[in-house]
Structure formats: C-alpha cells, structure tokens
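Trainee: Data: my_file28.cif, mmCIF, C-alpha atoms.
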data_input
#
loop_
_atom_site.group_PDB
_atom_site.id
_atom_site.type_symbol
_atom_site.label_atom_id
_atom_site.label_comp_id
_atom_site.auth_asym_id
_atom_site.auth_seq_id
_atom_site.Cartn_x
_atom_site.Cartn_y
_atom_site.Cartn_z
ATOM 1 C CA MET A 1 -5.765 -30.711 28.906
ATOM 2 C CA SER A 2 -5.390 -29.996 25.188
ATOM 3 C CA ASP A 3 -1.912 -30.108 23.691
ATOM 4 C CA LEU A 4 -2.605 -26.689 22.206
ATOM 5 C CA GLY A 5 -1.238 -24.833 25.213
ATOM 6 C CA HIS A 6 -2.178 -21.323 26.280
ATOM 7 C CA VAL A 7 -4.722 -19.662 23.972
ATOM 8 C CA LEU A 8 -5.830 -16.025 24.022
ATOM 9 C CA VAL A 9 -9.272 -14.939 22.803
ATOM 10 C CA LEU A 10 -9.454 -11.241 21.976
ATOM 11 C CA ALA A 11 -12.913 -9.702 22.408
ATOM 12 C CA GLY A 12 -14.407 -6.297 23.054
ATOM 13 C CA GLY A 13 -12.532 -3.347 21.601
ATOM 14 C CA LEU A 14 -13.868 0.170 21.173
ATOM 15 C CA SER A 15 -15.843 -0.137 17.943
ATOM 16 C CA TYR A 16 -19.626 0.190 17.706
ATOM 17 C CA GLU A 17 -19.715 -3.611 17.633
ATOM 18 C CA ARG A 18 -18.119 -4.054 21.063
ATOM 19 C CA GLU A 19 -21.073 -5.876 22.640
ATOM 20 C CA VAL A 20 -21.325 -8.309 19.736
ATOM 21 C CA SER A 21 -17.585 -8.958 19.975
ATOM 22 C CA LEU A 22 -17.840 -9.724 23.684
ATOM 23 C CA ARG A 23 -20.590 -12.248 22.965
ATOM 24 C CA SER A 24 -18.528 -13.843 20.187
ATOM 25 C CA GLY A 25 -15.527 -14.061 22.505
ATOM 26 C CA ARG A 26 -17.539 -15.735 25.239
ATOM 27 C CA ARG A 27 -18.906 -18.299 22.787
ATOM 28 C CA VAL A 28 -15.469 -19.163 21.386
ATOM 29 C CA ALA A 29 -13.984 -19.414 24.883
ATOM 30 C CA GLU A 30 -16.806 -21.747 25.950
ATOM 31 C CA VAL A 31 -16.436 -24.158 23.036
ATOM 32 C CA LEU A 32 -12.638 -24.206 23.438
ATOM 33 C CA ARG A 33 -12.840 -24.934 27.172
ATOM 34 C CA ALA A 34 -15.207 -27.776 26.333
ATOM 35 C CA LYS A 35 -12.260 -29.201 24.354
ATOM 36 C CA ASP A 36 -9.967 -28.825 27.385
ATOM 37 C CA VAL A 37 -8.123 -25.860 25.879
ATOM 38 C CA GLU A 38 -6.562 -23.424 28.352
ATOM 39 C CA VAL A 39 -8.260 -20.151 27.385
ATOM 40 C CA GLU A 40 -7.754 -16.579 28.527
ATOM 41 C CA THR A 41 -10.078 -13.841 27.267
ATOM 42 C CA ARG A 42 -8.774 -10.282 27.070
ATOM 43 C CA ASP A 43 -9.942 -6.898 25.851
ATOM 44 C CA THR A 44 -7.802 -4.569 23.739
ATOM 45 C CA ASP A 45 -6.673 -2.084 26.359
ATOM 46 C CA ALA A 46 -3.323 -0.740 27.573
ATOM 47 C CA SER A 47 -2.589 -3.926 29.485
ATOM 48 C CA LEU A 48 -2.765 -6.190 26.418
ATOM 49 C CA VAL A 49 0.779 -5.808 25.056
ATOM 50 C CA PRO A 50 2.523 -6.062 28.469
ATOM 51 C CA SER A 51 0.482 -9.179 29.300
ATOM 52 C CA ILE A 52 1.383 -10.839 25.982
ATOM 53 C CA LEU A 53 5.063 -10.011 26.471
ATOM 54 C CA ALA A 54 4.958 -11.435 29.995
ATOM 55 C CA ASP A 55 3.130 -14.627 29.005
ATOM 56 C CA PRO A 56 3.017 -15.138 25.222
ATOM 57 C CA PRO A 57 0.081 -17.298 24.091
ATOM 58 C CA ASP A 58 0.596 -20.190 21.707
ATOM 59 C CA ALA A 59 -2.066 -18.669 19.458
ATOM 60 C CA VAL A 60 -4.737 -15.959 19.438
ATOM 61 C CA PHE A 61 -8.343 -16.224 18.279
ATOM 62 C CA VAL A 62 -9.502 -12.752 17.231
ATOM 63 C CA THR A 63 -13.234 -12.161 17.776
ATOM 64 C CA LEU A 64 -13.030 -8.374 17.456
ATOM 65 C CA HIS A 65 -15.624 -6.929 15.080
ATOM 66 C CA GLY A 66 -15.372 -3.618 13.253
ATOM 67 C CA GLY A 67 -12.611 -1.055 13.613
ATOM 68 C CA SER A 68 -9.186 -2.355 14.553
ATOM 69 C CA GLY A 69 -10.553 -5.894 14.860
ATOM 70 C CA GLU A 70 -11.105 -6.221 11.126
ATOM 71 C CA ASP A 71 -8.980 -3.493 9.539
ATOM 72 C CA GLY A 72 -5.731 -5.304 10.316
ATOM 73 C CA ALA A 73 -4.500 -3.003 13.094
ATOM 74 C CA ILE A 74 -4.633 -5.474 15.994
ATOM 75 C CA ARG A 75 -3.263 -8.245 13.799
ATOM 76 C CA GLN A 76 -0.367 -5.956 12.880
ATOM 77 C CA VAL A 77 0.410 -5.574 16.585
ATOM 78 C CA LEU A 78 0.245 -9.345 17.064
ATOM 79 C CA GLU A 79 2.762 -9.744 14.243
ATOM 80 C CA LEU A 80 5.062 -7.175 15.875
ATOM 81 C CA LEU A 81 4.861 -9.351 18.992
ATOM 82 C CA SER A 82 5.530 -12.525 16.935
ATOM 83 C CA VAL A 83 2.274 -14.063 18.165
ATOM 84 C CA PRO A 84 0.377 -16.303 15.715
ATOM 85 C CA TYR A 85 -3.358 -15.760 15.285
ATOM 86 C CA VAL A 86 -6.354 -17.187 13.467
ATOM 87 C CA GLY A 87 -7.416 -15.261 10.394
ATOM 88 C CA ALA A 88 -6.233 -13.068 7.558
ATOM 89 C CA ASN A 89 -3.034 -11.036 7.706
ATOM 90 C CA PRO A 90 -3.109 -7.216 8.078
ATOM 91 C CA ASP A 91 -2.788 -6.411 4.365
ATOM 92 C CA ALA A 92 -5.657 -8.689 3.394
ATOM 93 C CA CYS A 93 -7.795 -7.308 6.219
ATOM 94 C CA ARG A 94 -7.272 -3.749 5.045
ATOM 95 C CA VAL A 95 -8.483 -4.617 1.555
ATOM 96 C CA ALA A 96 -11.442 -6.733 2.665
ATOM 97 C CA PHE A 97 -12.597 -4.332 5.379
ATOM 98 C CA ASP A 98 -13.043 -1.489 2.888
ATOM 99 C CA LYS A 99 -16.208 -2.517 1.060
ATOM 100 C CA PRO A 100 -15.692 -0.478 -2.157
ATOM 101 C CA THR A 101 -12.149 -1.833 -2.485
ATOM 102 C CA ALA A 102 -13.292 -5.400 -1.845
ATOM 103 C CA LYS A 103 -16.034 -5.012 -4.469
ATOM 104 C CA ALA A 104 -13.494 -3.778 -7.019
ATOM 105 C CA VAL A 105 -11.178 -6.711 -6.322
ATOM 106 C CA VAL A 106 -13.834 -9.426 -6.598
ATOM 107 C CA ARG A 107 -15.290 -7.778 -9.704
ATOM 108 C CA SER A 108 -11.846 -8.043 -11.318
ATOM 109 C CA TRP A 109 -12.040 -11.785 -10.596
ATOM 110 C CA GLY A 110 -15.310 -12.014 -12.501
ATOM 111 C CA LEU A 111 -17.792 -11.925 -9.617
ATOM 112 C CA ARG A 112 -21.093 -10.104 -9.972
ATOM 113 C CA THR A 113 -21.660 -7.281 -7.461
ATOM 114 C CA PRO A 114 -24.271 -4.483 -7.388
ATOM 115 C CA GLU A 115 -23.407 -1.213 -9.101
ATOM 116 C CA SER A 116 -22.501 1.423 -6.540
ATOM 117 C CA VAL A 117 -21.183 4.884 -5.763
ATOM 118 C CA THR A 118 -18.751 5.677 -2.946
ATOM 119 C CA LEU A 119 -19.132 9.124 -1.438
ATOM 120 C CA PRO A 120 -17.058 10.679 1.372
ATOM 121 C CA LYS A 121 -18.869 12.994 3.763
ATOM 122 C CA GLU A 122 -16.744 15.968 2.642
ATOM 123 C CA THR A 123 -17.879 15.574 -0.965
ATOM 124 C CA PHE A 124 -21.482 15.179 0.158
ATOM 125 C CA HIS A 125 -21.295 18.547 1.941
ATOM 126 C CA ASP A 126 -18.899 20.517 -0.279
ATOM 127 C CA LEU A 127 -20.644 19.895 -3.598
ATOM 128 C CA GLY A 128 -24.167 20.238 -2.298
ATOM 129 C CA ALA A 129 -26.135 17.283 -1.068
ATOM 130 C CA SER A 130 -29.191 17.656 -3.273
ATOM 131 C CA ALA A 131 -27.244 17.960 -6.534
ATOM 132 C CA VAL A 132 -25.011 14.981 -5.790
ATOM 133 C CA LEU A 133 -27.791 12.741 -4.505
ATOM 134 C CA GLY A 134 -29.974 13.535 -7.489
ATOM 135 C CA ARG A 135 -27.254 12.298 -9.838
ATOM 136 C CA ILE A 136 -26.855 9.112 -7.777
ATOM 137 C CA VAL A 137 -30.549 8.305 -8.156
ATOM 138 C CA ASP A 138 -30.356 9.047 -11.884
ATOM 139 C CA ARG A 139 -27.342 6.750 -12.240
ATOM 140 C CA LEU A 140 -28.294 3.812 -10.029
ATOM 141 C CA GLY A 141 -32.074 4.045 -9.916
ATOM 142 C CA LEU A 142 -34.231 2.939 -6.994
ATOM 143 C CA PRO A 143 -34.336 1.209 -4.576
ATOM 144 C CA LEU A 144 -30.885 1.764 -3.086
ATOM 145 C CA PHE A 145 -29.034 0.462 -0.074
ATOM 146 C CA VAL A 146 -26.785 2.833 1.887
ATOM 147 C CA LYS A 147 -24.113 1.654 4.318
ATOM 148 C CA PRO A 148 -20.773 2.805 5.737
ATOM 149 C CA SER A 149 -17.830 1.794 3.568
ATOM 150 C CA ARG A 150 -16.307 0.205 6.659
ATOM 151 C CA GLY A 151 -17.866 -1.560 9.622
ATOM 152 C CA GLY A 152 -20.441 -4.254 10.065
ATOM 153 C CA SER A 153 -23.526 -5.503 11.907
ATOM 154 C CA ALA A 154 -25.638 -3.293 9.588
ATOM 155 C CA LEU A 155 -24.904 -0.269 11.779
ATOM 156 C CA GLY A 156 -25.643 2.909 9.812
ATOM 157 C CA ALA A 157 -27.187 0.903 6.971
ATOM 158 C CA SER A 158 -30.622 1.522 5.495
ATOM 159 C CA MET A 159 -32.755 0.856 2.448
ATOM 160 C CA VAL A 160 -33.966 3.744 0.286
ATOM 161 C CA ARG A 161 -37.101 3.191 -1.783
ATOM 162 C CA LYS A 162 -37.894 6.858 -2.533
ATOM 163 C CA ALA A 163 -35.489 9.615 -3.578
ATOM 164 C CA GLU A 164 -36.578 11.816 -0.675
ATOM 165 C CA GLU A 165 -35.395 9.136 1.775
ATOM 166 C CA LEU A 166 -31.802 9.284 0.558
ATOM 167 C CA PRO A 167 -30.600 12.384 2.499
ATOM 168 C CA ALA A 168 -31.694 10.926 5.837
ATOM 169 C CA ALA A 169 -30.080 7.599 4.947
ATOM 170 C CA MET A 170 -26.812 9.390 4.205
ATOM 171 C CA VAL A 171 -26.902 11.267 7.503
ATOM 172 C CA GLY A 172 -27.559 8.013 9.365
ATOM 173 C CA CYS A 173 -24.684 6.363 7.525
ATOM 174 C CA PHE A 174 -22.244 9.180 8.301
ATOM 175 C CA ALA A 175 -22.974 8.732 12.003
ATOM 176 C CA TYR A 176 -20.979 5.478 11.751
ATOM 177 C CA GLY A 177 -18.295 6.391 9.223
ATOM 178 C CA ASP A 178 -16.916 9.145 7.028
ATOM 179 C CA THR A 179 -17.599 7.403 3.702
ATOM 180 C CA ALA A 180 -20.864 5.995 2.372
ATOM 181 C CA LEU A 181 -21.342 3.161 -0.085
ATOM 182 C CA ILE A 182 -24.576 3.562 -2.043
ATOM 183 C CA GLU A 183 -25.541 0.387 -3.902
ATOM 184 C CA GLN A 184 -28.312 -0.696 -6.179
ATOM 185 C CA TYR A 185 -30.661 -2.710 -3.985
ATOM 186 C CA ILE A 186 -31.325 -6.134 -5.431
ATOM 187 C CA GLU A 187 -34.501 -7.883 -4.356
ATOM 188 C CA GLY A 188 -33.858 -11.518 -3.641
ATOM 189 C CA VAL A 189 -32.782 -14.143 -1.165
ATOM 190 C CA GLU A 190 -30.076 -13.086 1.262
ATOM 191 C CA VAL A 191 -27.549 -15.786 2.093
ATOM 192 C CA ALA A 192 -24.270 -15.970 3.940
ATOM 193 C CA VAL A 193 -21.552 -18.447 3.010
ATOM 194 C CA SER A 194 -18.781 -19.174 5.485
ATOM 195 C CA VAL A 195 -15.419 -20.460 4.289
ATOM 196 C CA VAL A 196 -12.892 -22.371 6.363
ATOM 197 C CA ASP A 197 -9.439 -23.625 5.469
ATOM 198 C CA LEU A 198 -8.262 -26.467 7.682
ATOM 199 C CA GLY A 199 -5.064 -27.030 5.734
ATOM 200 C CA ASP A 200 -6.354 -28.444 2.459
ATOM 201 C CA GLY A 201 -7.522 -25.197 0.879
ATOM 202 C CA PRO A 202 -10.642 -23.074 1.424
ATOM 203 C CA VAL A 203 -13.926 -24.972 1.648
ATOM 204 C CA ALA A 204 -17.372 -23.367 1.753
ATOM 205 C CA LEU A 205 -19.819 -24.475 4.436
ATOM 206 C CA PRO A 206 -23.528 -24.790 3.591
ATOM 207 C CA PRO A 207 -25.150 -21.437 2.742
ATOM 208 C CA VAL A 208 -27.402 -19.946 5.409
ATOM 209 C CA GLU A 209 -30.580 -18.226 4.235
ATOM 210 C CA ILE A 210 -31.621 -15.130 6.172
ATOM 211 C CA VAL A 211 -35.308 -14.161 6.477
ATOM 212 C CA PRO A 212 -35.753 -11.171 8.836
ATOM 213 C CA ASP A 213 -39.245 -10.541 10.226
ATOM 214 C CA GLU A 214 -39.222 -6.886 9.143
ATOM 215 C CA GLY A 215 -37.673 -7.550 5.743
ATOM 216 C CA VAL A 216 -34.324 -5.899 6.542
ATOM 217 C CA TYR A 217 -31.439 -7.690 8.245
ATOM 218 C CA ASP A 218 -30.521 -4.811 10.570
ATOM 219 C CA TYR A 219 -28.722 -4.831 13.930
ATOM 220 C CA ALA A 220 -31.773 -5.920 15.915
ATOM 221 C CA ALA A 221 -32.605 -8.647 13.414
ATOM 222 C CA ARG A 222 -29.030 -9.947 13.628
ATOM 223 C CA TYR A 223 -28.615 -10.144 17.371
ATOM 224 C CA THR A 224 -32.106 -10.474 18.877
ATOM 225 C CA ALA A 225 -33.296 -14.058 19.078
ATOM 226 C CA GLY A 226 -36.588 -14.601 17.249
ATOM 227 C CA HIS A 227 -36.362 -11.535 14.990
ATOM 228 C CA THR A 228 -34.992 -13.499 12.045
ATOM 229 C CA GLU A 229 -35.643 -16.954 10.642
ATOM 230 C CA PHE A 230 -32.638 -18.863 9.342
ATOM 231 C CA PHE A 231 -32.474 -21.853 7.032
ATOM 232 C CA ALA A 232 -29.288 -23.884 7.046
ATOM 233 C CA PRO A 233 -28.775 -25.046 4.415
ATOM 234 C CA ALA A 234 -30.519 -22.330 2.400
ATOM 235 C CA ARG A 235 -33.600 -23.201 0.377
ATOM 236 C CA LEU A 236 -31.895 -22.793 -2.981
ATOM 237 C CA ARG A 237 -31.826 -24.913 -6.092
ATOM 238 C CA GLU A 238 -28.723 -27.090 -6.129
ATOM 239 C CA GLU A 239 -27.048 -25.209 -8.962
ATOM 240 C CA VAL A 240 -27.741 -21.836 -7.292
ATOM 241 C CA ALA A 241 -26.370 -23.055 -3.976
ATOM 242 C CA GLU A 242 -23.245 -24.315 -5.740
ATOM 243 C CA ALA A 243 -22.797 -20.922 -7.408
ATOM 244 C CA CYS A 244 -22.991 -19.235 -3.993
ATOM 245 C CA LEU A 245 -20.398 -21.610 -2.548
ATOM 246 C CA ALA A 246 -18.087 -20.973 -5.497
ATOM 247 C CA MET A 247 -18.529 -17.202 -5.133
ATOM 248 C CA ALA A 248 -17.548 -17.295 -1.455
ATOM 249 C CA VAL A 249 -14.429 -19.380 -2.122
ATOM 250 C CA THR A 250 -13.429 -17.104 -5.005
ATOM 251 C CA ALA A 251 -13.896 -14.006 -2.832
ATOM 252 C CA HIS A 252 -11.802 -15.619 -0.080
ATOM 253 C CA GLU A 253 -9.003 -16.329 -2.550
ATOM 254 C CA ALA A 254 -9.258 -13.044 -4.468
ATOM 255 C CA LEU A 255 -8.909 -11.029 -1.272
ATOM 256 C CA GLY A 256 -6.031 -13.136 0.015
ATOM 257 C CA LEU A 257 -7.885 -14.265 3.136
ATOM 258 C CA ARG A 258 -6.813 -17.033 5.463
ATOM 259 C CA ASP A 259 -8.358 -19.615 7.821
ATOM 260 C CA LEU A 260 -11.947 -18.357 7.815
ATOM 261 C CA SER A 261 -14.248 -15.755 6.299
ATOM 262 C CA ARG A 262 -17.917 -15.148 5.602
ATOM 263 C CA THR A 263 -19.296 -13.734 2.362
ATOM 264 C CA ASP A 264 -22.700 -12.061 2.213
ATOM 265 C CA ILE A 265 -24.604 -12.645 -1.022
ATOM 266 C CA ILE A 266 -27.970 -11.707 -2.497
ATOM 267 C CA VAL A 267 -29.531 -14.132 -4.994
ATOM 268 C CA ASP A 268 -31.808 -12.393 -7.497
ATOM 269 C CA SER A 269 -35.042 -13.745 -8.939
ATOM 270 C CA ASP A 270 -33.149 -15.372 -11.815
ATOM 271 C CA GLY A 271 -30.920 -17.307 -9.435
ATOM 272 C CA ASN A 272 -27.840 -15.136 -9.962
ATOM 273 C CA PRO A 273 -25.701 -14.526 -6.860
ATOM 274 C CA HIS A 274 -24.357 -11.016 -6.227
ATOM 275 C CA PHE A 275 -21.409 -10.360 -3.901
ATOM 276 C CA LEU A 276 -22.218 -7.814 -1.186
ATOM 277 C CA GLU A 277 -19.305 -7.906 1.255
ATOM 278 C CA VAL A 278 -16.938 -10.193 3.117
ATOM 279 C CA ASN A 279 -16.219 -10.494 6.831
ATOM 280 C CA VAL A 280 -12.742 -11.471 8.043
ATOM 281 C CA ALA A 281 -13.860 -11.986 11.657
ATOM 282 C CA PRO A 282 -17.253 -13.697 11.382
ATOM 283 C CA GLY A 283 -19.564 -13.465 14.378
ATOM 284 C CA MET A 284 -19.591 -16.395 16.758
ATOM 285 C CA THR A 285 -22.659 -15.527 18.847
ATOM 286 C CA GLU A 286 -25.730 -17.717 19.377
ATOM 287 C CA THR A 287 -27.400 -16.057 16.371
ATOM 288 C CA SER A 288 -24.299 -15.815 14.168
ATOM 289 C CA LEU A 289 -24.095 -17.419 10.762
ATOM 290 C CA LEU A 290 -20.782 -19.295 10.775
ATOM 291 C CA PRO A 291 -21.795 -21.474 13.764
ATOM 292 C CA MET A 292 -25.108 -22.232 12.017
ATOM 293 C CA ALA A 293 -23.256 -23.219 8.852
ATOM 294 C CA ALA A 294 -20.887 -25.432 10.820
ATOM 295 C CA GLU A 295 -23.824 -27.202 12.458
ATOM 296 C CA ALA A 296 -25.481 -27.700 9.070
ATOM 297 C CA ALA A 297 -22.244 -29.320 7.878
ATOM 298 C CA ASN A 298 -22.181 -31.571 10.965
ATOM 299 C CA ARG A 299 -18.992 -29.863 12.151
ATOM 300 C CA ASP A 300 -18.506 -29.299 15.859
ATOM 301 C CA LEU A 301 -17.714 -25.618 16.489
ATOM 302 C CA GLY A 302 -15.241 -26.389 19.254
ATOM 303 C CA THR A 303 -13.354 -28.845 17.076
ATOM 304 C CA LEU A 304 -13.332 -26.319 14.220
ATOM 305 C CA CYS A 305 -11.968 -23.512 16.422
ATOM 306 C CA THR A 306 -9.375 -25.810 17.966
ATOM 307 C CA ARG A 307 -8.168 -26.933 14.544
ATOM 308 C CA LEU A 308 -7.859 -23.318 13.358
ATOM 309 C CA LEU A 309 -5.772 -22.498 16.443
ATOM 310 C CA HIS A 310 -3.504 -25.492 15.781
ATOM 311 C CA ILE A 311 -2.967 -24.241 12.226
ATOM 312 C CA ALA A 312 -2.226 -20.724 13.469
ATOM 313 C CA ALA A 313 0.189 -22.004 16.124
ATOM 314 C CA ALA A 314 2.038 -24.049 13.501
ATOM 315 C CA ARG A 315 2.717 -20.860 11.534
ATOM 316 C CA ALA A 316 4.944 -19.661 14.394
#
Would you mind writing the file's structure down as structure tokens?
Mentor:
Amino acid sequence: MSDLGHVLVLAGGLSYEREVSLRSGRRVAEVLRAKDVEVETRDTDASLVPSILADPPDAVFVTLHGGSGEDGAIRQVLELLSVPYVGANPDACRVAFDKPTAKAVVRSWGLRTPESVTLPKETFHDLGASAVLGRIVDRLGLPLFVKPSRGGSALGASMVRKAEELPAAMVGCFAYGDTALIEQYIEGVEVAVSVVDLGDGPVALPPVEIVPDEGVYDYAARYTAGHTEFFAPARLREEVAEACLAMAVTAHEALGLRDLSRTDIIVDSDGNPHFLEVNVAPGMTETSLLPMAAEAANRDLGTLCTRLLHIAAARA
C-alpha cells in the first residue's frame, strides 16, 4: 500500500454539476487506487462531518464542482475539522469563483480580459429589461456571451449574435444564478491551460485547444464523447502558446490559488490571449481538460494526484 494513508475523495454535492462531480470523483479514485492508495469516496451529506471526526483522513481530494465545491464553503468546513485538502483555501476560492471579481483581479495584474457588464436579476427587473439591455448592446456591441457570474460547465451560458436574442439569454442565465455576466464575445481559438504546483512553484501544463462540433463549448460538448475535438498541445504558434501559459500562471498567482487550477482563455485572430475565467476544482472526467494536459506533458494522472495529496498532507 501507499505510504499516504487514508485518503478521502469528495464528489457529488447538490450543485447543478453534481453528475460531473461524481464522474470526476470516480476517475480520481480509480487512478489513486492504481497507485495503491487507500481511497474512500464520500458525498457531502449530513454524515460527512461525523465520519471525518470518527476517522480523520490524511488528506482530502475535492472533486466538487460548482456551488460549495468551488466557493470555499466545503474547504472552510475541512479547515474547521483540521483536515488538509488539495486545492486553494476558502478565501482564494471565494474570489476566483466569482467571475466578475476574478476578472477585476487579473486585470489589475495586467492581463487582458473581455469588457463586460455584471447585472443582478433584481436590477434587470426593477429598471426595465429592455432599457437596460439596450444600453448593454450600445456599450459592448455584438456578439455577446452571457453566463452566470458563478458556476461552471457552461450551464446557463449562451452566445448572443443579435440584440433580440439577449432577453432570452438573460432568462436562461438567471435559471442558474442570480447575477449575469455579459461579456464581449471574442472570436478565436478557445484553449484551457492547467496549472499544477508540486512544490517548486506553479507550472503550466500544455494548452489544450477546444473545437466543439457545434461551435459552442456548452454542457453537451463538454461531457459527451465525440461532440468536441481536442488538440493537446494546442495548435498555436510557439510565442502564442507561451503567452497562454504565462497568463494561466499569472492568474493562478494573482488569485492566490494553490496546488492546481485551470484557466480558460480565448486567443483572438491577432494571437492575443484573453482571460475568461479560472477553475479551482478542474474536472477530472474522461473528457476533462486537466487530464488531457497531463497526458500531453507525459505526466501520469495517478502520480500527479498522489503527489498533490502528499503536499496537502504535509501542510497538516
């Protein structure tokens, strides 16, 4: 058996991304068991805290997506229980999980990010939808991309190419959150850059290029095999790829993240990368981007996860 001891993988939760989280948890548990690590997988229900108190794990690997999995809440509970875990601390999660806040932080560090407007549902209704949305189109132009200010997996997200499509996009967005982020849509190459820190500082893995069949990387394109073509490493000029790697590392550092993260970037026609958002609990499913990046870097996923757990356990 591994010298790591008892490891807990948290998966599931009650967010809209529950099914994706369960798949990520299964994948992480599988690769850890292949390394002879003693793994227990648990959901976040009323039995979690009593079970941890009764049998504290040496470390926790959080594969919860959305909601309390990425907003720092579960990690705050783990800290109250004095249990070490892989990933960013609660304060950093809270900043990174809120997309408008994360954009403001990385912009202050000199990173390029699309111009945007953040609009709570109450403002949308109270001031009159048509008047507010008309000003947004005047300010940002078209096309636009609308998404919840919190959450992931492209749930509630949609592209708007005509002004008359914006109200429906807002309604769809508000079904998944109370605040919408409306961004300028930048045509270009979509890439994801994963960052890992194995003790010597954050290092970016090869960028993964995302080419969805329908042109939009939505929920189905993300988690249905065959709906999206991936290129790892991305088909970018060397200097553009290096700029993407540097952007992801800078975002990781600017947001105070730890252990691992994934930054989503769009590269425009001039080769300029634009920061879109960052994920503090990257997906680990069969179609997820961090595992693809690790494979492109000739890194074994099980070894990577085991090393991250060792680092987390040492923090105790």
Trainee: Using all atoms listed in the file, which residues sit within 12 Å of stretch 132-139 of chain A once same-chain residues fewer than 3 positions away are excluded, as a PyMOL selection string?
Mentor: chain A and resi 115-129+142-146+160-170+180-185
Trainee: I need the residue set behind the PyMOL selection byres ((chain A and resi 98-103) around 8) for this file; please write it as a count of residues only.
Mentor: 18
Trainee: Go through the shown structure with the PyMOL selection byres ((chain A and resi 65-73) around 10) and write out the matching residues as a ChimeraX atom specification.
Mentor: /A:10-22,24,44,62-64,74-79,87-98,150-153,279-283
Trainee: Work out how far apart atom CA of A:Ile311 and atom CA of A:Leu111 are and give it in Å to one decimal.
Mentor: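 Value for the atom CA of A:Ile311-atom CA of A:Leu111 distance: 29.1 Å.
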Trainee: Using all atoms listed in the file, what residues lie at most 9 Å away from (-30.5, -20.6, 3.3) (file coordinates), given as a list in words?
Mentor: Val189, Glu190, Val191, Ala192, Pro206, Pro207, Val208, Glu209, Ile210, Val211, Phe230, Phe231, Ala232, Pro233, Ala234, Arg235, Leu236 and Ala241 of chain A
Trainee: As lines of an AutoDock Vina configuration file, please: the centre and edge lengths in Å, to one decimal, of an axis-aligned box enclosing every listed atom of stretch 254-261 of chain A with 6 Å added on each side.
Mentor:
center_x = -10.1
center_y = -15.3
center_z = 1.7
size_x = 20.2
size_y = 20.6
size_z = 24.3
Trainee: For this structure, which residues satisfy the selection - the PyMOL selection byres ((chain A and resi 37) around 9) - when it is evaluated on the file as given? I want them as an MDAnalysis selection string.
Mentor: chainID A and resid 1:7 29 31:36 38:39 306
Trainee: Which polymer residues have any atom within 12 Å of an atom of A:Ala54, counting all atoms listed in the file, with same-chain residues fewer than 6 positions away left out, as a list in words?
Mentor: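 The residues satisfying every condition are Ser47, Leu48 and Leu81 of chain A.
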Trainee: Atom CA of A:Ala243 and atom CA of A:Gly110, how far apart in Å?
Mentor: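 If I compute the distance from atom CA of A:Gly110 to atom CA of A:Ala243, I get 12.7 Å.
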Trainee: Expressed in Å to a single decimal, how great is the separation between atom CA of A:Val28 and atom CA of A:Met292?
Mentor: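 A separation of 13.8 Å between them.
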Trainee: Between A:Pro50, A:Asp43, A:Leu205, A:Ala154, which is the closest to A:Glu295 once you count all atoms listed in the file?
Mentor: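 Ranking A:Pro50, A:Asp43, A:Leu205, A:Ala154 by distance to A:Glu295, first place goes to A:Leu205.
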Trainee: Could you check the closest approach to A:Ala251 for each of A:Val267, A:Val83, A:Leu301, A:Val193 and tell me which residue wins, using all atoms listed in the file?
Mentor: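 Under the stated criterion, the closest residue is A:Val193.
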Trainee: Have a look at A:Asn298, A:Ser194, A:Ser130, A:Ser82 and name the one nearest to A:Met247; count all atoms listed in the file.
Mentor: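 Among the listed residues, the smallest separation from A:Met247 belongs to A:Ser194.
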Trainee: Identify which of the residues A:Val196, A:Arg23, A:Val9, A:Thr41 lies closest to A:Ala59, counting only C-alpha atoms when measuring atom-to-atom distances.
Mentor: A:Val9
Trainee: Copy stretch 66-79 of chain A out of the block into a file, keeping N, CA and C atoms, as a tab-separated table (two decimals), in the first residue's frame.
Mentor:
chain	number	residue	atom	x	y	z
A	66	GLY	N	-18.83	23.57	-8.86
A	66	GLY	CA	-19.92	24.49	-8.65
A	66	GLY	C	-20.26	24.62	-7.17
A	67	GLY	N	-21.10	25.60	-6.86
A	67	GLY	CA	-21.60	25.75	-5.50
A	67	GLY	C	-20.54	25.66	-4.43
A	68	SER	N	-20.87	24.93	-3.37
A	68	SER	CA	-19.97	24.86	-2.21
A	68	SER	C	-18.65	24.17	-2.53
A	69	GLY	N	-18.58	23.45	-3.66
A	69	GLY	CA	-17.33	22.79	-4.02
A	69	GLY	C	-16.25	23.75	-4.46
A	70	GLU	N	-16.66	24.90	-5.01
A	70	GLU	CA	-15.68	25.85	-5.53
A	70	GLU	C	-15.75	27.23	-4.89
A	71	ASP	N	-16.78	27.47	-4.07
A	71	ASP	CA	-16.89	28.80	-3.45
A	71	ASP	C	-16.21	28.86	-2.09
A	72	GLY	N	-15.54	27.80	-1.69
A	72	GLY	CA	-14.78	27.79	-0.45
A	72	GLY	C	-15.52	27.23	0.75
A	73	ALA	N	-16.82	26.98	0.63
A	73	ALA	CA	-17.61	26.57	1.79
A	73	ALA	C	-17.16	25.22	2.36
A	74	ILE	N	-17.06	24.22	1.51
A	74	ILE	CA	-16.65	22.89	1.98
A	74	ILE	C	-15.22	22.93	2.50
A	75	ARG	N	-14.37	23.68	1.84
A	75	ARG	CA	-12.97	23.78	2.29
A	75	ARG	C	-12.90	24.47	3.66
A	76	GLN	N	-13.82	25.42	3.89
A	76	GLN	CA	-13.87	26.06	5.20
A	76	GLN	C	-14.21	25.04	6.29
A	77	VAL	N	-15.15	24.15	5.97
A	77	VAL	CA	-15.51	23.09	6.93
A	77	VAL	C	-14.32	22.17	7.17
A	78	LEU	N	-13.60	21.81	6.12
A	78	LEU	CA	-12.43	20.95	6.28
A	78	LEU	C	-11.39	21.62	7.16
A	79	GLU	N	-11.24	22.94	7.04
A	79	GLU	CA	-10.30	23.64	7.91
A	79	GLU	C	-10.78	23.65	9.36
